[in-house]
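Shown next, in structure tokens, is the structure this report addresses.
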Amino acid sequence: MIQVNDKKISYVAGMTVADAIEASGATTSAMTIVLVNGKFISLDMLNKTALKDEATIKLLMLISGG
Amino acid sequence: MWSKVIVDMKNQTVKREALEVELQDLGGRALIAQYLIKNVPPDCDPLGSENQLIFCTTIFAGSNLTTANRMSVGGKSPLTGGIKESNVGGYAGALLAEHGVKLIVVKGLPETKGLWQLHFDREGNVSLEDAEGYEGLNNYELVNRIHKSLDNRLATISIGAAGERLYKCASIQVSEFASNHPSRAAARGGLGALMGSKRLKSIIIEKPLNKFTFNYNDKERFNEISKKLNRMVAEGAKNDPFHNIGTIATIEATGANGVLPVDNFSGKLFPKYAEVGSGTFLTNLSNRGGRNKLACQPGCAVQCSNEYRDKSGEYLTSGLEYETIALFGPNCHISDLDAIAMMDRMCDDLGIDTIEAANTMAVCMESGVLNWGDSDGVIKLLKEMTDGTEFGYLLGGGCEAVGKSLGCKRIPTVKHQAIAGYDPRNTKGTGVTYATSPMGADHTAGLTMGRAFEDTGRTAQAYASNKLQVAMCFADCMMCIFAFSHMVPELPLLAELMAAMYGGSSEYARVTGLGVKTLLTERAFNKAAGLTKEDDRLPDFFYNEPSPATGSRFDINDHELDVIFDF
């Protein structure tokens with residue numbers, strides 16, 4: 001199981017961060033920041049970074065903290 | 001056409017007239033920069049008669065574009081000594097637009113003792129009224145009394161005792177749309193002191209009986225585009241933690257990476273950061289009848305605001321936000337969210353910037369005035385500020401004044417303004433923004449976290465900062481940046497919106513040019529005010545002390561900082 005923000009999706013072997021985000025129905029833009037298990041992944045690495053089962057992905061439109 | 005209202009505090013006159021043609025299609029940060037560079041001597045005394053206090057709406061104010069009713073406040077900053085634009089949500093921007101007013105200019109200083117309020121009544125009249133009966137009141141009591149005195153839907157813009165006392169950390173508070181709480185803050189740069197120097201306690205904007213109708217160049221086209229953009233924001237917000245939780249969700253991003261400031265920007269990690277994170281926040285909201293997903297202005301699709309209650313279920317504060325939590329929390333070694341919420345309430349009520357005040361408390365801890373983690377001690381010092389004790393007045397001078405007075409070696413300020421809730425060693429592009437923004441160390445001016453290749457590396461940091469500073473600059477002319485972030489894939493449509501509203505070019509360069517021109521104008525103002533390259537630097541300790549969490553130091557060299565705005 002992979003957690004993408006508040007959604008859970010099934011893990012598939014070989015899945016990348018981009019695959020998981022797509023499967024969750026979420027989208028990214030130039031202003032999205034992506035954290036996998038608390039660590040930043042740059043946008044150009046989303047389809048090159050493989051996931052392990054039970055990973056947590058956070059997507060934030062982090063433009064400032066309010 | 002949009003109007004402007006000119007308030008002359010010396011002669012006690014109020015004049016309403018058409019806004020100059022060249023300012024009609026500006027708004028927010030751009031309008032403030034262009035007005036100030038032409039009308040305020042950059043070398044003037046910020047609290048003297050030559051400085052002017054400016055309130056203005058955005059380019060798209062009064063339209064149906066989501067979050068377009070944000071409001072900007074500007075003037076020469078009493079804290080930084082440079083130009084300042086501080087923007088805020090709440091209800092005031094929407095009601096100003098309903099009155100057809102884009103700009104309020106407050107000039108001069110009164111020659112007689114007194115205190116005044118500016119009142120837009122329901123008939124559309126605007127007048128300066130005696131407010132001496134409100135002298136010394138803080139924001140919650142003040143706004144409560146104003147609402148009791150007027151039987152109409154209204155918005156307030158106000159200062160507490162901090163502004164009256166000219167504290168350089170004084171904010172201007174704006175009431176929220178639904179609750180009327182004076183909990184949205186134009187916080188940065190001490191503009192509350194500028195309002196206090198004018199002896200203007202509040203601006204009251206009643207909902208007008210006759211709503212101003214703007215004459216669009218092409219209203220059908222405007223509605224078509226705004227509908228598309230609003231849909232994008234609403235769809236994006238569904239999966240946005242700022243909507244589903246609140247800005248406190250940022251702690252999930254900063255806590256594990258050494259970006260969250262800890263113990264006066266020591267660069268350490270704070271193992272207990274989750275105690276002041278989303279889980280505790282949502283549990284407390286749920287158990288106490290608090291709420292999130294609230295809009296601070298009408299028509300907002302992001303709805304990031306919240307109402308936080310104390311343990312007995314009583315309303316405590318609203319808009320409890322990441323910056324306040326990070327800086328009163330881990331940066332003061334405090335992990336008690338209820339205590340932080342109380343600090344937030346005290347700051348909103350007195351009318352002070354939580355970022356400046358919290359950094360001031362961390363410097364007090366570094367200097368031995370308080371122990372690390374002493375939340376009761378922080379609340380006592382905030383009480384001293386409220387009571388106006390001698391030390392309270394010193395604290396009101398801001399982080400740098402207090403640090404210097406106490407002999408502190410590590411004072412986290414740029415252009416005399418305290419740094420926001422991100423350690424610049426571990427998000428170096430943000431450090432570039434802190435150093436070079438004409439606003440001083442500002443979290444809304446171009447936060448780059450997660451956007452350069454590696455936050456602790458040097459590559460592309462200045463590039464990322466430059467791009468984001470331009471984007472934030474034009475976004476601050478148009479809407480709330482939280483909604484803006486969801487529009488990024490369709491940014492060229494903003495130029496089409498401008499053309500549909502005002503006519504003229506629909507080329508995207510009109511929008512990006514607005515950002516570039518504003519930044520360069522602000523830089524020119526600051527240069528004429530006496531700021532130099534040396535003001536575009538971070539404090540030495542960020543260069544000299546590696547972050548224990550990552551080993552990173554701020555190593556962006558002076559040349560990179562000096563050429564960042566060589567467009």
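Note on naming: chains are A, B, ... as they come in the structure tokens, residues start from 1 per chain, ligands start from 1 in the order shown.
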Write out as a PyMOL selection string every residue belonging to chain A that has an atom at most 8 Å from any atom of chain B, counting only C-alpha atoms. chain A and resi 5+26+29-31+33-35+38-43+59-66
Nearest to Ile157 of chain B, chosen from B:Thr283, B:Ser183, B:Ser335, B:Asn51, with only C-alpha atoms counted in the distances: B:Ser183
Between atom CA of Cys480 of chain B and atom CA of Thr66 of chain B, what is the distance, to one decimal in Å?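 About the pair atom CA of Cys480 of chain B and atom CA of Thr66 of chain B: they are 8.5 Å apart.
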Surrounding residues of Asn47 of chain A excluding itself and chain neighbours under 5 positions, 12 Å, only C-alpha atoms, as number ranges by chain: A: 14-22, 41-42
Close residues, segment 340-353 of chain B itself excluded, 8 Å, only C-alpha atoms, min 3 positions apart in chain, as a PyMOL selection string: chain B and resi 138-140+159-163+169-173+182-185+187-188+190+192+308+316-318+320+324-325+328-329+336-337+356-357+375+378-379+382+386
Take the residues that were just selected and, keeping N, CA, C and O atoms, output them as a compact mmCIF listing (two decimals), in the first residue's frame.
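selection_22.txt written:
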# COMPACT_ATOMS: atom_id res chain seq x y z
N ASN B 138 -7.14 46.96 22.36
CA ASN B 138 -6.55 45.98 21.44
C ASN B 138 -7.61 45.49 20.45
O ASN B 138 -8.79 45.81 20.58
N ASN B 139 -7.17 44.71 19.47
CA ASN B 139 -8.02 44.49 18.28
C ASN B 139 -9.33 43.77 18.54
O ASN B 139 -10.36 44.13 17.96
N TYR B 140 -9.33 42.74 19.37
CA TYR B 140 -10.58 41.99 19.56
C TYR B 140 -11.64 42.88 20.22
O TYR B 140 -12.80 42.91 19.79
N ILE B 159 -5.49 48.72 14.22
CA ILE B 159 -4.27 48.49 15.00
C ILE B 159 -4.64 48.35 16.47
O ILE B 159 -5.63 48.93 16.94
N GLY B 160 -3.83 47.59 17.19
CA GLY B 160 -3.99 47.51 18.63
C GLY B 160 -3.06 48.52 19.31
O GLY B 160 -2.54 49.45 18.67
N ALA B 161 -2.84 48.30 20.58
CA ALA B 161 -1.98 49.22 21.33
C ALA B 161 -0.57 49.26 20.77
O ALA B 161 0.12 50.29 20.84
N ALA B 162 -0.12 48.16 20.19
CA ALA B 162 1.25 48.11 19.65
C ALA B 162 1.46 49.17 18.57
O ALA B 162 2.50 49.83 18.52
N GLY B 163 0.47 49.32 17.70
CA GLY B 163 0.57 50.33 16.65
C GLY B 163 0.54 51.73 17.23
O GLY B 163 1.31 52.60 16.81
N CYS B 169 7.39 46.26 15.41
CA CYS B 169 6.87 44.96 14.98
C CYS B 169 5.35 45.01 14.86
O CYS B 169 4.70 43.96 14.75
N ALA B 170 4.76 46.21 14.90
CA ALA B 170 3.29 46.31 14.91
C ALA B 170 2.69 45.92 13.56
O ALA B 170 3.18 46.33 12.51
N SER B 171 1.61 45.18 13.63
CA SER B 171 0.88 44.73 12.44
C SER B 171 -0.38 45.58 12.24
O SER B 171 -0.77 46.35 13.12
N ILE B 172 -1.00 45.37 11.08
CA ILE B 172 -2.34 45.90 10.83
C ILE B 172 -3.25 44.68 10.68
O ILE B 172 -2.97 43.79 9.88
N GLN B 173 -4.30 44.63 11.48
CA GLN B 173 -5.17 43.45 11.49
C GLN B 173 -6.44 43.71 10.68
O GLN B 173 -6.99 44.81 10.70
N PRO B 182 -10.58 39.80 14.14
CA PRO B 182 -9.49 40.60 13.55
C PRO B 182 -8.19 39.79 13.50
O PRO B 182 -7.17 40.16 14.08
N SER B 183 -8.26 38.69 12.78
CA SER B 183 -7.19 37.70 12.89
C SER B 183 -6.36 37.53 11.63
O SER B 183 -5.48 36.68 11.59
N ARG B 184 -6.62 38.33 10.60
CA ARG B 184 -5.74 38.30 9.43
C ARG B 184 -4.81 39.49 9.55
O ARG B 184 -5.25 40.60 9.87
N ALA B 185 -3.54 39.27 9.27
CA ALA B 185 -2.55 40.31 9.56
C ALA B 185 -1.74 40.72 8.34
O ALA B 185 -1.20 39.87 7.64
N ALA B 187 1.29 41.81 8.42
CA ALA B 187 2.11 41.72 9.64
C ALA B 187 3.49 42.31 9.50
O ALA B 187 4.03 42.89 10.46
N ARG B 188 4.07 42.21 8.33
CA ARG B 188 5.51 42.41 8.25
C ARG B 188 5.91 43.87 8.05
O ARG B 188 5.23 44.63 7.39
N GLY B 190 6.32 46.38 10.22
CA GLY B 190 5.95 47.43 11.16
C GLY B 190 5.00 48.47 10.61
O GLY B 190 4.99 49.63 11.07
N GLY B 192 1.96 48.66 11.13
CA GLY B 192 1.05 49.08 12.20
C GLY B 192 1.58 50.33 12.90
O GLY B 192 0.80 51.19 13.35
N TYR B 308 -9.25 27.74 16.02
CA TYR B 308 -8.64 26.86 17.03
C TYR B 308 -9.23 27.19 18.39
O TYR B 308 -9.30 28.36 18.78
N LEU B 316 -10.16 30.39 20.66
CA LEU B 316 -8.88 30.97 21.10
C LEU B 316 -8.27 31.85 20.01
O LEU B 316 -7.95 33.01 20.24
N THR B 317 -8.13 31.29 18.81
CA THR B 317 -7.52 32.08 17.74
C THR B 317 -7.94 31.54 16.39
O THR B 317 -8.49 30.44 16.30
N SER B 318 -7.68 32.30 15.37
CA SER B 318 -7.96 31.78 14.03
C SER B 318 -6.84 32.17 13.08
O SER B 318 -6.04 33.08 13.37
N LEU B 320 -4.44 29.97 12.68
CA LEU B 320 -3.20 29.48 13.32
C LEU B 320 -2.36 28.86 12.20
O LEU B 320 -2.74 27.86 11.61
N THR B 324 3.84 30.92 12.48
CA THR B 324 3.66 31.17 13.91
C THR B 324 4.04 29.93 14.70
O THR B 324 4.73 30.01 15.74
N ILE B 325 3.59 28.78 14.21
CA ILE B 325 3.84 27.52 14.92
C ILE B 325 5.33 27.17 14.89
O ILE B 325 5.92 26.79 15.91
N PHE B 328 7.32 30.21 17.10
CA PHE B 328 7.06 30.16 18.55
C PHE B 328 7.26 28.74 19.09
O PHE B 328 7.45 28.56 20.28
N GLY B 329 7.19 27.74 18.18
CA GLY B 329 7.33 26.35 18.58
C GLY B 329 8.78 25.91 18.58
O GLY B 329 9.57 26.33 19.44
N ASP B 336 4.24 22.73 22.74
CA ASP B 336 2.88 22.78 23.27
C ASP B 336 2.02 23.63 22.31
O ASP B 336 2.10 24.87 22.32
N LEU B 337 1.20 22.95 21.50
CA LEU B 337 0.43 23.67 20.49
C LEU B 337 -0.57 24.64 21.10
O LEU B 337 -0.84 25.71 20.55
N GLU B 356 8.10 38.26 13.74
CA GLU B 356 9.06 39.14 14.42
C GLU B 356 9.07 38.85 15.93
O GLU B 356 10.14 38.75 16.55
N ALA B 357 7.86 38.71 16.50
CA ALA B 357 7.77 38.50 17.95
C ALA B 357 8.39 37.17 18.36
O ALA B 357 9.11 37.09 19.37
N SER B 375 7.45 28.17 27.69
CA SER B 375 6.28 28.78 27.06
C SER B 375 5.61 29.78 27.99
O SER B 375 5.10 30.82 27.53
N VAL B 378 7.45 33.00 27.64
CA VAL B 378 7.12 33.74 26.41
C VAL B 378 5.81 34.50 26.61
O VAL B 378 5.69 35.69 26.25
N ILE B 379 4.83 33.82 27.19
CA ILE B 379 3.53 34.47 27.40
C ILE B 379 3.68 35.67 28.36
O ILE B 379 3.07 36.72 28.15
N LEU B 382 5.13 38.48 26.29
CA LEU B 382 4.09 39.06 25.43
C LEU B 382 3.16 39.94 26.26
O LEU B 382 2.68 40.99 25.81
N THR B 386 2.11 43.81 25.92
CA THR B 386 0.73 44.29 25.99
C THR B 386 0.59 45.41 27.02
O THR B 386 -0.09 46.41 26.79
Could you tell me, as JSON, numbers by chain, which residues of segment 204-409 of chain B DSSP assigns to strand (DSSP E) when given the backbone? {"B": [204, 205, 206, 291, 292, 293, 294, 305, 306, 307, 308, 309, 315, 316, 317, 318]}
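Our summary of the geometry notes that atom CA of Arg16 of chain B is positioned 18.9 Å from atom CA of Met71 of chain B.
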Quick one: residues within 10 Å of Met1 of chain A, only C-alpha atoms, excluding same-chain residues fewer than 5 positions away - as a ChimeraX atom specification? /A:8-12,52-56
Store the residues picked out above, limited to all heavy atoms, as a PDB file, in the first residue's frame.
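Contents of part36.pdb, freshly written:
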ATOM      1  N   LYS A   8      -5.023   6.101  -0.322  1.00  0.00           N
ATOM      2  CA  LYS A   8      -4.203   4.890  -0.342  1.00  0.00           C
ATOM      3  C   LYS A   8      -4.377   4.202  -1.684  1.00  0.00           C
ATOM      4  O   LYS A   8      -5.511   4.069  -2.168  1.00  0.00           O
ATOM      5  CB  LYS A   8      -4.627   3.953   0.784  1.00  0.00           C
ATOM      6  CG  LYS A   8      -4.196   4.459   2.148  1.00  0.00           C
ATOM      7  CD  LYS A   8      -4.486   3.475   3.246  1.00  0.00           C
ATOM      8  CE  LYS A   8      -3.899   4.048   4.531  1.00  0.00           C
ATOM      9  NZ  LYS A   8      -4.425   3.473   5.739  1.00  0.00           N
ATOM     10  N   ILE A   9      -3.259   3.763  -2.254  1.00  0.00           N
ATOM     11  CA  ILE A   9      -3.339   3.028  -3.522  1.00  0.00           C
ATOM     12  C   ILE A   9      -2.520   1.736  -3.386  1.00  0.00           C
ATOM     13  O   ILE A   9      -1.641   1.638  -2.519  1.00  0.00           O
ATOM     14  CB  ILE A   9      -2.801   3.857  -4.713  1.00  0.00           C
ATOM     15  CG1 ILE A   9      -1.344   4.258  -4.469  1.00  0.00           C
ATOM     16  CG2 ILE A   9      -3.654   5.077  -4.974  1.00  0.00           C
ATOM     17  CD1 ILE A   9      -0.632   4.675  -5.731  1.00  0.00           C
ATOM     18  N   SER A  10      -2.820   0.789  -4.242  1.00  0.00           N
ATOM     19  CA  SER A  10      -2.114  -0.500  -4.172  1.00  0.00           C
ATOM     20  C   SER A  10      -0.694  -0.357  -4.704  1.00  0.00           C
ATOM     21  O   SER A  10      -0.450   0.367  -5.689  1.00  0.00           O
ATOM     22  CB  SER A  10      -2.842  -1.553  -5.009  1.00  0.00           C
ATOM     23  OG  SER A  10      -4.130  -1.734  -4.489  1.00  0.00           O
ATOM     24  N   TYR A  11       0.212  -1.069  -4.068  1.00  0.00           N
ATOM     25  CA  TYR A  11       1.601  -1.068  -4.530  1.00  0.00           C
ATOM     26  C   TYR A  11       1.762  -2.088  -5.657  1.00  0.00           C
ATOM     27  O   TYR A  11       1.233  -3.205  -5.572  1.00  0.00           O
ATOM     28  CB  TYR A  11       2.531  -1.422  -3.359  1.00  0.00           C
ATOM     29  CG  TYR A  11       3.973  -1.602  -3.780  1.00  0.00           C
ATOM     30  CD1 TYR A  11       4.746  -0.499  -4.148  1.00  0.00           C
ATOM     31  CD2 TYR A  11       4.552  -2.877  -3.828  1.00  0.00           C
ATOM     32  CE1 TYR A  11       6.051  -0.662  -4.546  1.00  0.00           C
ATOM     33  CE2 TYR A  11       5.869  -3.041  -4.223  1.00  0.00           C
ATOM     34  CZ  TYR A  11       6.621  -1.929  -4.585  1.00  0.00           C
ATOM     35  OH  TYR A  11       7.917  -2.077  -4.982  1.00  0.00           O
ATOM     36  N   VAL A  12       2.502  -1.668  -6.674  1.00  0.00           N
ATOM     37  CA  VAL A  12       2.836  -2.582  -7.770  1.00  0.00           C
ATOM     38  C   VAL A  12       4.361  -2.595  -7.890  1.00  0.00           C
ATOM     39  O   VAL A  12       4.985  -1.525  -7.895  1.00  0.00           O
ATOM     40  CB  VAL A  12       2.220  -2.096  -9.105  1.00  0.00           C
ATOM     41  CG1 VAL A  12       2.600  -3.025 -10.248  1.00  0.00           C
ATOM     42  CG2 VAL A  12       0.708  -1.980  -8.987  1.00  0.00           C
ATOM     43  N   LYS A  52       9.227   1.782  -2.621  1.00  0.00           N
ATOM     44  CA  LYS A  52       9.063   0.520  -1.907  1.00  0.00           C
ATOM     45  C   LYS A  52       7.656   0.509  -1.320  1.00  0.00           C
ATOM     46  O   LYS A  52       7.064   1.573  -1.100  1.00  0.00           O
ATOM     47  CB  LYS A  52      10.096   0.411  -0.783  1.00  0.00           C
ATOM     48  CG  LYS A  52      11.505   0.226  -1.311  1.00  0.00           C
ATOM     49  CD  LYS A  52      12.488   0.063  -0.175  1.00  0.00           C
ATOM     50  CE  LYS A  52      13.880  -0.151  -0.752  1.00  0.00           C
ATOM     51  NZ  LYS A  52      14.916  -0.082   0.280  1.00  0.00           N
ATOM     52  N   ASP A  53       7.145  -0.699  -1.089  1.00  0.00           N
ATOM     53  CA  ASP A  53       5.815  -0.806  -0.496  1.00  0.00           C
ATOM     54  C   ASP A  53       5.794  -0.062   0.841  1.00  0.00           C
ATOM     55  O   ASP A  53       6.816   0.030   1.530  1.00  0.00           O
ATOM     56  CB  ASP A  53       5.474  -2.295  -0.300  1.00  0.00           C
ATOM     57  CG  ASP A  53       3.971  -2.495  -0.116  1.00  0.00           C
ATOM     58  OD1 ASP A  53       3.214  -1.509  -0.263  1.00  0.00           O
ATOM     59  OD2 ASP A  53       3.572  -3.631   0.161  1.00  0.00           O
ATOM     60  N   GLU A  54       4.641   0.472   1.172  1.00  0.00           N
ATOM     61  CA  GLU A  54       4.409   1.215   2.428  1.00  0.00           C
ATOM     62  C   GLU A  54       4.992   2.632   2.406  1.00  0.00           C
ATOM     63  O   GLU A  54       5.072   3.293   3.437  1.00  0.00           O
ATOM     64  CB  GLU A  54       4.944   0.461   3.663  1.00  0.00           C
ATOM     65  CG  GLU A  54       4.379  -0.937   3.863  1.00  0.00           C
ATOM     66  CD  GLU A  54       2.864  -0.943   4.022  1.00  0.00           C
ATOM     67  OE1 GLU A  54       2.320  -0.033   4.655  1.00  0.00           O
ATOM     68  OE2 GLU A  54       2.235  -1.853   3.445  1.00  0.00           O
ATOM     69  N   ALA A  55       5.407   3.076   1.237  1.00  0.00           N
ATOM     70  CA  ALA A  55       5.949   4.448   1.164  1.00  0.00           C
ATOM     71  C   ALA A  55       4.822   5.469   1.358  1.00  0.00           C
ATOM     72  O   ALA A  55       3.659   5.210   1.063  1.00  0.00           O
ATOM     73  CB  ALA A  55       6.614   4.680  -0.190  1.00  0.00           C
ATOM     74  N   THR A  56       5.213   6.623   1.881  1.00  0.00           N
ATOM     75  CA  THR A  56       4.270   7.736   2.034  1.00  0.00           C
ATOM     76  C   THR A  56       4.712   8.890   1.132  1.00  0.00           C
ATOM     77  O   THR A  56       5.857   9.338   1.209  1.00  0.00           O
ATOM     78  CB  THR A  56       4.248   8.222   3.493  1.00  0.00           C
ATOM     79  OG1 THR A  56       3.815   7.147   4.310  1.00  0.00           O
ATOM     80  CG2 THR A  56       3.298   9.397   3.668  1.00  0.00           C
TER      81      THR A  56
END
Which polymer residues have any atom within 6 Å of an atom of Gly90 of chain B, counting only C-alpha atoms, with same-chain residues fewer than 2 positions away left out, as a ChimeraX atom specification? /B:92,174-177,296-297
